[in-house]
Amino acid sequence: MTTRRTNLTPYLLVAPALVFMAIFFAYPMVEAFGLAFRDNDTGALTLSYFQKMVSDVQFQPALTTTLLLIVILIPIQFAVALAMALLVNAKLKGASLFLYIYAIPLAVSELAAGIVWFNIFTNNGFLNSLLVQSGLIERPFLFLSYQNQGWLILAVVLAEAWRATSIIMVILVSGLQSIPSDYLEAAEVFGADQFRKITKVILPLLRPSLQVALILRTILAFQVFGVALAVAGTGISLLAGEAYKWYYTIRNPNVAAAYASVILILSIASTVVFLVGLRSKNGEAL
Amino acid sequence: MAEIQLNHIIKSYGKARATNDVSLTIKDKEFMVLLGPSGCGKTTLLRAIAGLEAIDSGTVTIGGRDVTNVPPRFRDIAMVFQSYAVFPHLTVWDNIAFGLRMKKLPDTEVKKRVEMSAEMLRITDYLQRFPAQLSGGQRQRVAVARALAMPSGVLLMGEPLSNLDALLRLDMRAELKKLLRDAGATTVYVTHDQVEALSLGDRIAVMKQGVILQCDSPLRVYDHPVDKFVGGFIGNPPMNFLRAAGLAAIGLIAPPGYDLVGIRAENLDSFTSPMSGALEASILVVEPLGSHNLITAKVGDEFIKVNTRAELMPEPGSKLWLKPMPDKVRWLK
C-alpha cells in the first residue's frame with residue numbers, strides 16, 4: 001500500500017494570514033456587498049440603495065472631488081517621492097539623514113496630520129498670521145471656506161502629500177537600491193547624461209516598484225478621509241466621507257455600503273489599469 | 001589615435017592603496033592585459049581609465065587629451081563589464097544601439113552599426129529578444145557587441161570571460177582575439193586568469209598590491225619573470241624555485257647578489273640514470289596528462305615539478321635525474 005503524503009507545513013504557515021484575511025477582509029466585504037445590493041426587509045436583490053446614492057445631491061461632487069484629488073495628488077507625490085528617493089540614494093554624505101527626516105510624517109496619524117494643516121490654513125492660522133503680519137493682506141483670507149473649493153482641495157492635497165509621500169519614497173528607495181550599479185555605470189560609459197540615465201535606465205528598471213507604489217497610493221487615496229475631515233470638515237465631500245456620513249449621521253448603512261462598493265470597484269479598476277499598463281513586455285524580466 | 005597614458009595613479013580606500021603610484025603607457029591599438037590576483041588594483045586601474053573611479057592623484061590621458069576630470073560619457077570609450085550589464089528592459093537590438101543613440105548618431109548609421117556588430121558576434125537571430133531569454137554566453141556576446149558597435153578608439157574589458165563555463169570560455173577567448181584584432185581599438189583587458197592573459201595580450205602588466213611588477217610581452221613575462229611572484233603566478237604549473245646554492249654542485253653558479261633560481265617544468269631534461277650536470281630527485285607523484293606527464297619530486301628538501309614525455313612513466317619513490325636547460329635558468333633575487 002502506498003500513501004501519498006502531502007506536506008502540510010506550507011499550508012499551516014499560510015493559514016493564520018488566511019484566517020485573518022477571511023475574518024477581517026473577506027467577510028466584511030461580502031457583508032458590505034450584501035448591505036448594498038439586498039433589500040433590508042425582503043432580502044431580494046435591489047439597486048434601490050444605489051439609486052438613492054446616485055440621486056443624492058452630494059454624490060456627483062464627492063465622486064468628482066475624489067477623482068480630482070487623485071489626479072492632482074498622485075503625480076505630485078510621485079514626482080516628489082522620486083526626487084527624494086534619488087537624493088537619498090545618491091550616496092552623498094548625510095544622505096541617510098534625509099531618509100529619516102522624510103520618514104517622520106509616516107509616524108504621524110492621519111487625523112493629526114490633518115489638524116497640523118488645518119492650523120496652517122484656518123482663519124487665524126499660521127499662514128494667515130504670516131500674511132497679515134507681513135502686510136501682504138489686510139484681513140485673514142478664508143482658505144477653508146465652503147466657497148473656496150479650490151483652496152480646500154489644495155489644502156487637502158498638501159496635507160496628504162506631506163503625510164503620505166514618504167511611503168512612496170520608501171518603496172522607491174528600496175527599488176533603487178536593488179538596481180545593480182553596473183547598469184548605471186554602463187549607462188554612463190555609453191554616453192548617458194544624468195537626465196537620460198534616469199529616463200532610459202533607472203525609471204524602466206524601477207517599474208516594478210513604481211507599480212506597487214502606484215497601486216498602493218491610489219487605493220489609499222480613494223479612501224482619504226481623516227485628513228480631509230480635519231482640514232476641510234464638511235467643506236468638501238469625498239466618497240469615503242460620504243460613506244461615513246450615511247453610516248453615522250444619516251444612519252443608513254445600505255447607502256453607506258453602496259458608497260463603499262463604489263470605492264472598492266474604483267480601487268480594483270485602477271489596480272487593473274496599473275497592472276496591465278505597467279506589465280512586463282513579452283519575455284522581458286526585470 | 002588612442003594612446004592611453006596613466007601617470008602616477010594613486011587611489012586609496014580608507015588606508016589601503018588600491019593603486020600605489022602606477023604609471024603605464026598603452027600604445028595606440030595595443031592589447032594590454034592587466035593581470036593579477038584579486039585585490040591587486042587591476043580593476044581599480046581599469047575603472048580609473050573609464051572614469052568610473054575618481055582617483056586621489058595622478059593623471060589619465062586618452063589620445064593626448066587629459067581626461068582625469070572628464071566624466072565617462074565624454075571619454076570616448078566602450079566597455080564590457082564582468083556582469084555584462086546588459087539592460088534587462090531593452091531588446092538585444094536596443095542594447096547594442098544604446099550608446100549609438102546616446103551619441104545621437106543618425107538612424108541609418110545606428111542600424112548599420114548594430115547589424116554589423118550583431119553579425120560579428122553571430123547574434124543576429126536574437127536581436128528582438130530580451131536578455132532574460134538568452135543564455136549567459138549569448139548575453140556576454142550582446143555585451144561585447146554593444147561595445148564593438150561604438151565608434152570609440154578605446155575598449156575596456158573587466159574580466160569579461162570569468163562568468164562563462166570553462167568550455168565556452170575557451171571558444172570565446174579565441175573568438176575575442178580575432179574580433180578585437182580586427183576591431184583595431186586600443187584595448188585594456190582585466191583578468192586574473194594567466195592563460196587568458198598569455199593568449200590575448202600584446203603586453204601583460206602583472207600587478208600585485210597596487211603596483212605593476214612587470215609589463216612585457218607574454219613570452220617575455222613567461223620566460224623572464226622579474227621576480228618569484230610573477231614566475232609563480234604565470235604558467236601552469238608555476239615556475240619552480242630552488243635555492244641557488246644547491247645548483248653550484250652541477251656547475252650552475254649564481255651571479256653575485258642572486259640567491260634563487262627559477263626554472264619551468266618543461267625546461268628540465270629528465271633521465272632515469274645518473275647524469276653529470278643533473279640533480280638527483282626522488283619522485284613523489286606522477287600525473288599522466290595525455291600529452292605529457294607531470295611529475296612532482298623532491299630535490300633535497302625542495303619540491304620541484306617536471307614535465308616529462310608521456311612514455312616515461314617512473315614509479316613514485318624511484319629516482320629521477322633532472323638537468324636544467326642552461327639558457328632557461330633564471331636567476332632571481
# chains A, B, ... in the order shown; residues from 1 in each chain; ligands from 1
>>> select_by_dssp(residues="region 77-313 of chain B", states="alpha helix (DSSP H)", output="MDAnalysis selection string")
chainID B and resid 92:102 107:120 136:149 166:183 194:200 218:223 228:233
>>> interface_residues(of="chain A", to="chain B", cutoff="10 Å", atoms="only C-alpha atoms", output="PyMOL selection string")
chain A and resi 180-193+196+200-201+204-205+207+280-286
>>> residues_around(residues="Tyr222 (chain B)", least_positions_apart="3", cutoff="8 Å", atoms="only C-alpha atoms", output="JSON, numbers by chain")
{"B": [218, 219, 225, 231, 234, 235]}
>>> atom_distance(atom1="CA of Ser48 (chain A)", atom2="CA of Leu238 (chain A)")
21.3 Å
>>> atom_distance(atom1="CA of Glu3 (chain B)", atom2="CA of Gly64 (chain B)")
7.0 Å
>>> residues_around(residues="Tyr259 (chain A)", least_positions_apart="5", cutoff="10 Å", atoms="only C-alpha atoms", output="ChimeraX atom specification")
/A:32,36,49-50,53-54,59,63,239-244,246,253-254,264-265
>>> select_by_dssp(residues="region 244-306 of chain B", states="strand (DSSP E or B)", output="number ranges by chain")
B: 260-263, 268-271, 279-288, 292-299, 302-306
>>> atom_distance(atom1="CA of Gln194 (chain A)", atom2="CA of Val60 (chain B)")
22.8 Å
>>> residues_around(residues="region 182-192 of chain B", least_positions_apart="3", cutoff="8 Å", atoms="only C-alpha atoms", output="PyMOL selection string")
chain B and resi 2-3+26-38+42-43+46+148+152-159+162+178-179+196-197
